[in-house]
Amino acid sequence: MTSDLFSPVSLGSINLKNRIIMAPLTRNRAGEHGVPQDINVKYYEQRASAGLIVTEATPISAMGHGYPALPGIYTEEQVAGWKKITDAVHAKGGKIVLQLWHVGRISHPSLLPNNELPVAPSAIKPAGQAFTYQGLVDYVTPRALGLEEIPGIVGEYAYAAKCAMDAGFDGVEIHAANGYLLDQFLRDGTNKRNDPYGGSIENRSRLLLEVTSAVVDVVGSDKAGVRISPVNPFNDMKDSNPQALFNYVADALSKFNLAYLHVVEGGIHGGGDFEPFDFVALRKHFNGPYIANLGYDKTTGNTAIAKGDADAVAYGVPFIANPDLVQRYKIDAPLNQADESTFYGGTEKGYTDYPTL
Ligand code: 8OZ
């Protein structure tokens with residue numbers, strides 16, 4: 001029998017009841033000090049029928065923040081807040097991994113401790129504006145991380161991964177996509193370093209591989225995944241040869257025997273035009289399960305799985321508006337439409353009040 005979205009699958013040691021993944025979704029509704037609160041528990045619990053929930057991107061340190069009202073994963077209070085979420089999802093028979101995030105240059109001093117400058121591989125200001133508590137403000141030129149600071153960043157990922165496991169997660173996903181810190185190191189539009197972390201593809205991939213190694217040491221390779229977005233121009237990103245870069249990344253990540261590779265197959269957030277890219281070729285460079293994301297529906301998701309182009313498919317916007325997306329796909333029920341005006345920030349409206357069937 002061929003597999004489809006409703007077939008069970010194992011991603012490393014994480015056993016999923018179906019292949020419908022809830023994609024990471026930034027919703028800006030955490031409580032004070034980055035502590036998840038009751039409405040966040042309700043939101044994730046409502047979506048526990050997904051084969052796997054990937055949480056919203058979650059800063060690994062105070063310097064990793066870049067938007068208002070993000071949850072964190074580096075204090076005891078935050079761990080206790082997340083524990084309520086993992087308990088609620090597990091009680092409903094779901095699985096949930098935490099997405100580890102450092103925004104790098106996509107931030108603003110007003111969001112950082114002591115109004116510090118955001119950090120990045122190189123001091124290159126992104127085009128565009130930061131979302132701050134005071135509204136939209138032009139990005140600033142970030143400070144290039146010193147070579148001696150890199151081990152500290154790797155250590156923050158490892159510590160946050162430990163916090164995630166203490167909070168009861170089934171694993172972690174390293175966010176190396178969408179123009180944030182690790183992606184800023186990977187792509188040569190943002191990485192102009194002249195040290196072992198810049199220049200060649202091998203050097204630009206070094207930070208991601210060191211972070212992956214450190215995280216795997218903490219959580220186990222069978223509980224760690226990585227998310228990449230080879231051609232997403234969002235956050236003013238570009239690379240001179242994405243196919244070569246990301247084929248190399250997929251090869252290099254294969255050595256860790258990860259739970260999965262999660263790939264944003266295009267441009268998101270009004271990212272605009274993106275270069276042609278062969279995702280089937282990329283997939284052949286990776287030795288483990290592949291989660292495809294972006295623009296899939298039930299039919300195209302099933303096709304990708306049947307053809308062997310993906311082991312599972314992640315859905316973002318459909319999960320915002322349809323907590324019972326799995327059931328709706330199962331019986332071909334119509335979907336609720338998502339209200340974009342309530343994506344980022346606010347309270348229950350557009351968050352926990354979408355109706356189930
Ligand atoms: C939308 C708004 C803010 C952040 C990403 C974490 O693109 C995000 C994000 C998305 O990965």
# chains A, B, ... in the order shown; residues from 1 in each chain; ligands from 1
call {"tool": "select_by_dssp", "arguments": {"residues": "range 110-293 of chain A", "states": "alpha helix (DSSP H)", "output": "PyMOL selection string"}}
result
chain A and resi 150-166+181-186+201-219+242-254+279-284
call {"tool": "write_last_selection", "arguments": {"atoms": "C-alpha atoms", "output": "mmCIF file, in the first residue's frame"}}
result
data_model
loop_
_atom_site.group_PDB
_atom_site.id
_atom_site.type_symbol
_atom_site.label_atom_id
_atom_site.label_comp_id
_atom_site.auth_asym_id
_atom_site.auth_seq_id
_atom_site.Cartn_x
_atom_site.Cartn_y
_atom_site.Cartn_z
ATOM 1 C CA ILE A 150 30.979 32.138 18.237
ATOM 2 C CA PRO A 151 31.426 29.419 20.879
ATOM 3 C CA GLY A 152 29.084 31.399 23.126
ATOM 4 C CA ILE A 153 26.376 31.382 20.454
ATOM 5 C CA VAL A 154 26.799 27.618 19.982
ATOM 6 C CA GLY A 155 26.565 27.235 23.755
ATOM 7 C CA GLU A 156 23.300 29.197 23.814
ATOM 8 C CA TYR A 157 21.759 26.766 21.330
ATOM 9 C CA ALA A 158 22.894 23.812 23.451
ATOM 10 C CA TYR A 159 21.547 25.367 26.641
ATOM 11 C CA ALA A 160 18.215 26.199 25.006
ATOM 12 C CA ALA A 161 17.997 22.623 23.673
ATOM 13 C CA LYS A 162 18.476 21.350 27.217
ATOM 14 C CA CYS A 163 15.749 23.723 28.427
ATOM 15 C CA ALA A 164 13.446 22.381 25.687
ATOM 16 C CA MET A 165 13.994 18.796 26.795
ATOM 17 C CA ASP A 166 13.397 19.851 30.432
ATOM 18 C CA LEU A 181 21.149 34.217 12.248
ATOM 19 C CA LEU A 182 22.124 30.770 10.959
ATOM 20 C CA ASP A 183 20.793 31.555 7.476
ATOM 21 C CA GLN A 184 22.688 34.877 7.565
ATOM 22 C CA PHE A 185 25.874 32.840 8.020
ATOM 23 C CA LEU A 186 24.915 30.369 5.268
ATOM 24 C CA ILE A 201 30.464 27.179 1.289
ATOM 25 C CA GLU A 202 32.195 24.959 3.807
ATOM 26 C CA ASN A 203 33.060 27.945 5.992
ATOM 27 C CA ARG A 204 29.620 29.540 5.768
ATOM 28 C CA SER A 205 28.035 26.230 6.789
ATOM 29 C CA ARG A 206 30.353 25.836 9.771
ATOM 30 C CA LEU A 207 28.181 27.613 12.339
ATOM 31 C CA LEU A 208 25.072 25.587 11.451
ATOM 32 C CA LEU A 209 27.069 22.355 11.644
ATOM 33 C CA GLU A 210 28.618 23.298 15.001
ATOM 34 C CA VAL A 211 25.199 24.243 16.356
ATOM 35 C CA THR A 212 23.739 20.973 15.050
ATOM 36 C CA SER A 213 26.540 18.981 16.643
ATOM 37 C CA ALA A 214 26.075 20.737 19.999
ATOM 38 C CA VAL A 215 22.292 20.324 19.929
ATOM 39 C CA VAL A 216 22.566 16.656 18.918
ATOM 40 C CA ASP A 217 24.908 16.102 21.859
ATOM 41 C CA VAL A 218 22.176 17.385 24.173
ATOM 42 C CA VAL A 219 18.979 15.917 22.714
ATOM 43 C CA PRO A 242 21.956 28.355 -3.501
ATOM 44 C CA GLN A 243 21.867 24.912 -5.130
ATOM 45 C CA ALA A 244 25.559 24.246 -4.418
ATOM 46 C CA LEU A 245 25.290 25.720 -0.916
ATOM 47 C CA PHE A 246 22.244 23.773 0.176
ATOM 48 C CA ASN A 247 23.242 20.516 -1.516
ATOM 49 C CA TYR A 248 26.425 20.774 0.571
ATOM 50 C CA VAL A 249 24.392 21.568 3.714
ATOM 51 C CA ALA A 250 22.152 18.530 3.126
ATOM 52 C CA ASP A 251 25.196 16.282 2.616
ATOM 53 C CA ALA A 252 26.910 17.622 5.714
ATOM 54 C CA LEU A 253 23.771 17.333 7.874
ATOM 55 C CA SER A 254 23.375 13.703 6.750
ATOM 56 C CA PHE A 279 14.275 20.523 -4.383
ATOM 57 C CA VAL A 280 14.116 16.910 -5.594
ATOM 58 C CA ALA A 281 17.880 17.083 -6.136
ATOM 59 C CA LEU A 282 18.347 18.620 -2.682
ATOM 60 C CA ARG A 283 16.344 15.815 -1.116
ATOM 61 C CA LYS A 284 18.689 13.230 -2.686
#
call {"tool": "residues_near_ligand", "arguments": {"ligand": "ligand 1", "cutoff": "10 Å", "atoms": "only C-alpha atoms and all ligand atoms", "output": "ChimeraX atom specification"}}
result
/A:23-28,56-59,66-68,70,99,101-103,106,130-131,175-180,227-229,232,234-235,264,267-269,271,343-344
call {"tool": "residues_around", "arguments": {"residues": "Pro323 in chain A", "least_positions_apart": "5", "cutoff": "7 Å", "atoms": "only C-alpha atoms", "output": "number ranges by chain"}}
result
A: 46-47, 356
call {"tool": "residues_around", "arguments": {"residues": "Lys307 in chain A", "least_positions_apart": "6", "cutoff": "10 Å", "atoms": "only C-alpha atoms", "output": "PyMOL selection string"}}
result
chain A and resi 2-4
call {"tool": "write_last_selection", "arguments": {"atoms": "C-alpha atoms", "output": "PDB file, in the first residue's frame"}}
result
ATOM      1  CA  THR A   2       1.332   3.427  -0.835  1.00  0.00           C
ATOM      2  CA  SER A   3       1.667   5.986   1.927  1.00  0.00           C
ATOM      3  CA  ASP A   4      -0.326   9.192   2.132  1.00  0.00           C
TER       4      ASP A   4
END
call {"tool": "residues_around", "arguments": {"residues": "Gly31 in chain A", "least_positions_apart": "6", "cutoff": "10 Å", "atoms": "only C-alpha atoms", "output": "ChimeraX atom specification"}}
result
/A:37-40,69-71,78,81
call {"tool": "residues_around", "arguments": {"residues": "Thr352 in chain A", "least_positions_apart": "2", "cutoff": "7 Å", "atoms": "only C-alpha atoms", "output": "PyMOL selection string"}}
result
chain A and resi 42-43+348-350+354
call {"tool": "select_by_dssp", "arguments": {"residues": "range 102-333 of chain A", "states": "strand (DSSP E)", "output": "ChimeraX atom specification"}}
result
/A:119-120,129-132,135-138,143-144,171-176,224-228,260-264,290-293,312-315
call {"tool": "write_last_selection", "arguments": {"atoms": "N, CA, C and O atoms", "output": "compact mmCIF listing (two decimals), in the first residue's frame"}}
result
# COMPACT_ATOMS: atom_id res chain seq x y z
N VAL A 119 23.23 41.37 16.50
CA VAL A 119 24.48 40.76 16.02
C VAL A 119 24.23 39.99 14.74
O VAL A 119 23.10 39.55 14.47
N ALA A 120 25.27 39.84 13.94
CA ALA A 120 25.15 39.21 12.62
C ALA A 120 26.53 38.71 12.20
O ALA A 120 27.54 39.05 12.83
N GLN A 129 12.05 47.28 7.70
CA GLN A 129 11.78 47.81 9.03
C GLN A 129 11.50 46.70 10.04
O GLN A 129 10.91 45.67 9.70
N ALA A 130 11.95 46.94 11.26
CA ALA A 130 11.73 46.01 12.36
C ALA A 130 10.35 46.26 12.98
O ALA A 130 9.90 47.41 13.06
N PHE A 131 9.70 45.18 13.43
CA PHE A 131 8.48 45.31 14.22
C PHE A 131 8.92 45.50 15.67
O PHE A 131 9.54 44.61 16.24
N THR A 132 8.63 46.65 16.25
CA THR A 132 9.02 46.88 17.65
C THR A 132 7.76 47.19 18.46
O THR A 132 6.66 47.29 17.89
N GLY A 135 6.13 50.20 17.09
CA GLY A 135 5.71 50.17 15.70
C GLY A 135 6.87 49.83 14.78
O GLY A 135 7.91 49.34 15.23
N LEU A 136 6.68 50.11 13.49
CA LEU A 136 7.72 49.78 12.51
C LEU A 136 8.84 50.83 12.54
O LEU A 136 8.57 52.02 12.50
N VAL A 137 10.06 50.36 12.65
CA VAL A 137 11.24 51.25 12.73
C VAL A 137 12.30 50.69 11.79
O VAL A 137 12.48 49.48 11.71
N ASP A 138 13.02 51.57 11.10
CA ASP A 138 14.06 51.10 10.17
C ASP A 138 15.04 50.16 10.89
O ASP A 138 15.40 50.40 12.05
N ARG A 143 26.02 44.56 14.50
CA ARG A 143 27.44 44.41 14.85
C ARG A 143 27.88 43.02 14.41
O ARG A 143 27.18 42.03 14.67
N ALA A 144 29.03 42.94 13.74
CA ALA A 144 29.54 41.62 13.33
C ALA A 144 30.05 40.87 14.56
O ALA A 144 30.80 41.44 15.38
N GLY A 171 11.43 16.78 20.93
CA GLY A 171 12.66 17.04 20.19
C GLY A 171 12.76 18.52 19.92
O GLY A 171 11.97 19.32 20.45
N VAL A 172 13.74 18.90 19.11
CA VAL A 172 13.90 20.30 18.75
C VAL A 172 14.16 20.43 17.25
O VAL A 172 14.65 19.49 16.61
N GLU A 173 13.82 21.59 16.73
CA GLU A 173 14.13 21.92 15.33
C GLU A 173 15.02 23.16 15.33
O GLU A 173 14.68 24.17 15.96
N ILE A 174 16.15 23.08 14.67
CA ILE A 174 17.06 24.21 14.55
C ILE A 174 16.59 25.08 13.38
O ILE A 174 16.50 24.60 12.25
N HIS A 175 16.27 26.34 13.69
CA HIS A 175 15.78 27.26 12.66
C HIS A 175 16.98 27.84 11.91
O HIS A 175 17.68 28.71 12.43
N ALA A 176 17.23 27.33 10.72
CA ALA A 176 18.32 27.83 9.88
C ALA A 176 17.76 28.42 8.60
O ALA A 176 18.40 28.39 7.55
N ALA A 224 16.41 15.57 16.76
CA ALA A 224 16.77 16.90 16.26
C ALA A 224 16.51 16.99 14.76
O ALA A 224 16.89 16.11 13.99
N GLY A 225 15.88 18.09 14.35
CA GLY A 225 15.67 18.38 12.94
C GLY A 225 16.24 19.75 12.62
O GLY A 225 16.58 20.53 13.52
N VAL A 226 16.34 20.05 11.33
CA VAL A 226 16.85 21.35 10.88
C VAL A 226 15.91 21.89 9.81
O VAL A 226 15.44 21.12 8.95
N ARG A 227 15.63 23.19 9.86
CA ARG A 227 14.78 23.82 8.83
C ARG A 227 15.61 24.81 8.01
O ARG A 227 16.31 25.65 8.59
N ILE A 228 15.52 24.68 6.70
CA ILE A 228 16.24 25.59 5.79
C ILE A 228 15.26 26.15 4.76
O ILE A 228 14.18 25.59 4.54
N TYR A 260 15.04 14.70 10.94
CA TYR A 260 14.48 15.17 9.67
C TYR A 260 15.16 16.44 9.19
O TYR A 260 15.82 17.14 9.96
N LEU A 261 14.95 16.71 7.90
CA LEU A 261 15.27 18.00 7.29
C LEU A 261 13.95 18.61 6.83
O LEU A 261 13.14 17.94 6.19
N HIS A 262 13.72 19.87 7.18
CA HIS A 262 12.45 20.55 6.92
C HIS A 262 12.76 21.70 5.96
O HIS A 262 13.60 22.55 6.28
N VAL A 263 12.10 21.72 4.82
CA VAL A 263 12.52 22.65 3.76
C VAL A 263 11.37 23.56 3.31
O VAL A 263 10.31 23.08 2.88
N VAL A 264 11.61 24.86 3.39
CA VAL A 264 10.68 25.86 2.84
C VAL A 264 10.99 25.94 1.35
O VAL A 264 12.05 26.43 0.96
N TYR A 290 12.35 13.79 5.07
CA TYR A 290 12.26 15.14 4.48
C TYR A 290 10.84 15.66 4.68
O TYR A 290 9.88 15.01 4.27
N ILE A 291 10.74 16.82 5.32
CA ILE A 291 9.45 17.49 5.46
C ILE A 291 9.40 18.63 4.46
O ILE A 291 10.26 19.52 4.48
N ALA A 292 8.41 18.58 3.58
CA ALA A 292 8.24 19.64 2.58
C ALA A 292 7.26 20.68 3.12
O ALA A 292 6.29 20.34 3.81
N ASN A 293 7.51 21.94 2.81
CA ASN A 293 6.63 23.01 3.27
C ASN A 293 6.51 24.10 2.22
O ASN A 293 7.48 24.41 1.54
N ALA A 312 6.80 13.77 4.85
CA ALA A 312 5.71 14.44 5.56
C ALA A 312 5.61 15.84 4.96
O ALA A 312 6.53 16.31 4.30
N VAL A 313 4.47 16.49 5.23
CA VAL A 313 4.23 17.82 4.65
C VAL A 313 3.78 18.76 5.76
O VAL A 313 2.90 18.41 6.56
N ALA A 314 4.41 19.93 5.82
CA ALA A 314 4.05 20.92 6.85
C ALA A 314 3.10 21.96 6.28
O ALA A 314 3.30 22.46 5.17
N TYR A 315 2.08 22.28 7.07
CA TYR A 315 1.06 23.27 6.69
C TYR A 315 1.07 24.40 7.71
O TYR A 315 1.01 24.14 8.91
call {"tool": "atom_distance", "arguments": {"atom1": "CA of Lys95 in chain A", "atom2": "CA of Gln327 in chain A"}}
result
16.6 Å
call {"tool": "atom_distance", "arguments": {"atom1": "CA of Thr347 in chain A", "atom2": "CA of Ile20 in chain A"}}
result
26.1 Å
call {"tool": "residues_around", "arguments": {"residues": "Leu52 in chain A", "least_positions_apart": "6", "cutoff": "9 Å", "atoms": "only C-alpha atoms", "output": "tab-separated table (two decimals) with N, CA and C atoms, in the first residue's frame"}}
result
chain	number	residue	atom	x	y	z
A	14	ILE	N	10.86	9.98	16.88
A	14	ILE	CA	9.55	10.61	17.11
A	14	ILE	C	8.53	9.91	16.22
A	15	ASN	N	7.59	9.21	16.82
A	15	ASN	CA	6.63	8.42	16.06
A	15	ASN	C	5.34	9.21	15.86
A	16	LEU	N	5.02	9.47	14.59
A	16	LEU	CA	3.89	10.33	14.25
A	16	LEU	C	2.70	9.49	13.81
A	17	LYS	N	1.50	9.90	14.23
A	17	LYS	CA	0.28	9.16	13.84
A	17	LYS	C	-0.15	9.51	12.42
A	18	ASN	N	0.31	10.64	11.90
A	18	ASN	CA	0.05	10.99	10.50
A	18	ASN	C	1.19	11.89	10.03
A	19	ARG	N	1.16	12.23	8.74
A	19	ARG	CA	2.27	13.00	8.15
A	19	ARG	C	1.91	14.46	7.91
A	20	ILE	N	0.89	14.91	8.61
A	20	ILE	CA	0.44	16.30	8.49
A	20	ILE	C	1.08	17.08	9.64
A	21	ILE	N	2.06	17.92	9.28
A	21	ILE	CA	2.85	18.63	10.28
A	21	ILE	C	2.33	20.05	10.41
A	22	MET	N	2.23	20.53	11.64
A	22	MET	CA	1.92	21.95	11.83
A	22	MET	C	3.24	22.73	11.75
A	23	ALA	N	3.34	23.59	10.75
A	23	ALA	CA	4.56	24.37	10.53
A	23	ALA	C	4.77	25.38	11.67
A	94	GLY	N	-0.70	14.01	21.00
A	94	GLY	CA	0.10	14.70	19.99
A	94	GLY	C	1.59	14.66	20.29
A	95	LYS	N	2.36	15.09	19.31
A	95	LYS	CA	3.81	15.23	19.44
A	95	LYS	C	4.17	16.67	19.14
A	96	ILE	N	5.22	17.17	19.82
A	96	ILE	CA	5.58	18.58	19.65
A	96	ILE	C	7.08	18.79	19.83
A	97	VAL	N	7.67	19.48	18.87
A	97	VAL	CA	9.09	19.86	18.98
A	97	VAL	C	9.18	21.38	19.04
A	314	ALA	N	4.41	19.93	5.82
A	314	ALA	CA	4.05	20.92	6.85
A	314	ALA	C	3.10	21.96	6.28
call {"tool": "closest_residue", "arguments": {"among": "A:Gly220, A:Pro233, A:Gly295, A:Gly93", "to": "Ala127 in chain A", "atoms": "only C-alpha atoms"}}
result
A:Pro233
call {"tool": "atom_distance", "arguments": {"atom1": "CA of Pro289 in chain A", "atom2": "CA of Ala259 in chain A"}}
result
6.7 Å
call {"tool": "decode", "arguments": {"residues": "range 113-138 of chain A", "atoms": "N, CA and C atoms", "output": "JSON list (two decimals), in the first residue's frame"}}
result
[["chain", "number", "residue", "atom", "x", "y", "z"],
["A", 113, "PRO", "N", 18.57, 43.53, 25.22],
["A", 113, "PRO", "CA", 19.03, 43.98, 26.54],
["A", 113, "PRO", "C", 19.95, 45.20, 26.41],
["A", 114, "ASN", "N", 19.78, 46.16, 27.28],
["A", 114, "ASN", "CA", 20.62, 47.39, 27.28],
["A", 114, "ASN", "C", 20.66, 48.09, 25.93],
["A", 115, "ASN", "N", 19.61, 47.93, 25.16],
["A", 115, "ASN", "CA", 19.56, 48.56, 23.83],
["A", 115, "ASN", "C", 20.78, 48.24, 22.96],
["A", 116, "GLU", "N", 21.26, 47.03, 23.10],
["A", 116, "GLU", "CA", 22.42, 46.62, 22.30],
["A", 116, "GLU", "C", 22.08, 46.56, 20.82],
["A", 117, "LEU", "N", 23.13, 46.61, 20.00],
["A", 117, "LEU", "CA", 22.94, 46.41, 18.57],
["A", 117, "LEU", "C", 22.69, 44.93, 18.31],
["A", 118, "PRO", "N", 21.84, 44.62, 17.33],
["A", 118, "PRO", "CA", 21.70, 43.21, 16.92],
["A", 118, "PRO", "C", 23.05, 42.68, 16.42],
["A", 119, "VAL", "N", 23.23, 41.37, 16.50],
["A", 119, "VAL", "CA", 24.48, 40.76, 16.02],
["A", 119, "VAL", "C", 24.23, 39.99, 14.74],
["A", 120, "ALA", "N", 25.27, 39.84, 13.94],
["A", 120, "ALA", "CA", 25.15, 39.21, 12.62],
["A", 120, "ALA", "C", 26.53, 38.71, 12.20],
["A", 121, "PRO", "N", 26.60, 37.93, 11.11],
["A", 121, "PRO", "CA", 27.93, 37.53, 10.62],
["A", 121, "PRO", "C", 28.74, 38.75, 10.18],
["A", 122, "SER", "N", 28.06, 39.71, 9.52],
["A", 122, "SER", "CA", 28.74, 40.89, 9.00],
["A", 122, "SER", "C", 27.86, 42.11, 9.28],
["A", 123, "ALA", "N", 28.49, 43.28, 9.32],
["A", 123, "ALA", "CA", 27.75, 44.51, 9.65],
["A", 123, "ALA", "C", 27.02, 45.04, 8.42],
["A", 124, "ILE", "N", 25.99, 44.33, 8.02],
["A", 124, "ILE", "CA", 25.20, 44.72, 6.83],
["A", 124, "ILE", "C", 23.75, 44.92, 7.27],
["A", 125, "LYS", "N", 23.27, 46.14, 7.05],
["A", 125, "LYS", "CA", 21.91, 46.49, 7.46],
["A", 125, "LYS", "C", 20.89, 45.86, 6.50],
["A", 126, "PRO", "N", 19.87, 45.17, 7.04],
["A", 126, "PRO", "CA", 18.83, 44.66, 6.14],
["A", 126, "PRO", "C", 17.97, 45.80, 5.62],
["A", 127, "ALA", "N", 17.51, 45.69, 4.38],
["A", 127, "ALA", "CA", 16.50, 46.63, 3.90],
["A", 127, "ALA", "C", 15.22, 46.36, 4.68],
["A", 128, "GLY", "N", 14.46, 47.39, 4.96],
["A", 128, "GLY", "CA", 13.16, 47.19, 5.58],
["A", 128, "GLY", "C", 13.11, 47.68, 7.01],
["A", 129, "GLN", "N", 12.05, 47.28, 7.70],
["A", 129, "GLN", "CA", 11.78, 47.81, 9.03],
["A", 129, "GLN", "C", 11.50, 46.70, 10.04],
["A", 130, "ALA", "N", 11.95, 46.94, 11.26],
["A", 130, "ALA", "CA", 11.73, 46.01, 12.36],
["A", 130, "ALA", "C", 10.35, 46.26, 12.98],
["A", 131, "PHE", "N", 9.70, 45.18, 13.43],
["A", 131, "PHE", "CA", 8.48, 45.31, 14.22],
["A", 131, "PHE", "C", 8.92, 45.50, 15.67],
["A", 132, "THR", "N", 8.63, 46.65, 16.25],
["A", 132, "THR", "CA", 9.02, 46.88, 17.65],
["A", 132, "THR", "C", 7.76, 47.19, 18.46],
["A", 133, "TYR", "N", 7.92, 47.37, 19.76],
["A", 133, "TYR", "CA", 6.78, 47.75, 20.59],
["A", 133, "TYR", "C", 6.32, 49.17, 20.26],
["A", 134, "GLN", "N", 7.19, 49.94, 19.57],
["A", 134, "GLN", "CA", 6.82, 51.31, 19.16],
["A", 134, "GLN", "C", 6.34, 51.35, 17.71],
["A", 135, "GLY", "N", 6.13, 50.20, 17.09],
["A", 135, "GLY", "CA", 5.71, 50.17, 15.70],
["A", 135, "GLY", "C", 6.87, 49.83, 14.78],
["A", 136, "LEU", "N", 6.68, 50.11, 13.49],
["A", 136, "LEU", "CA", 7.72, 49.78, 12.51],
["A", 136, "LEU", "C", 8.84, 50.83, 12.54],
["A", 137, "VAL", "N", 10.06, 50.36, 12.65],
["A", 137, "VAL", "CA", 11.24, 51.25, 12.73],
["A", 137, "VAL", "C", 12.30, 50.69, 11.79],
["A", 138, "ASP", "N", 13.02, 51.57, 11.10],
["A", 138, "ASP", "CA", 14.06, 51.10, 10.17],
["A", 138, "ASP", "C", 15.04, 50.16, 10.89]]
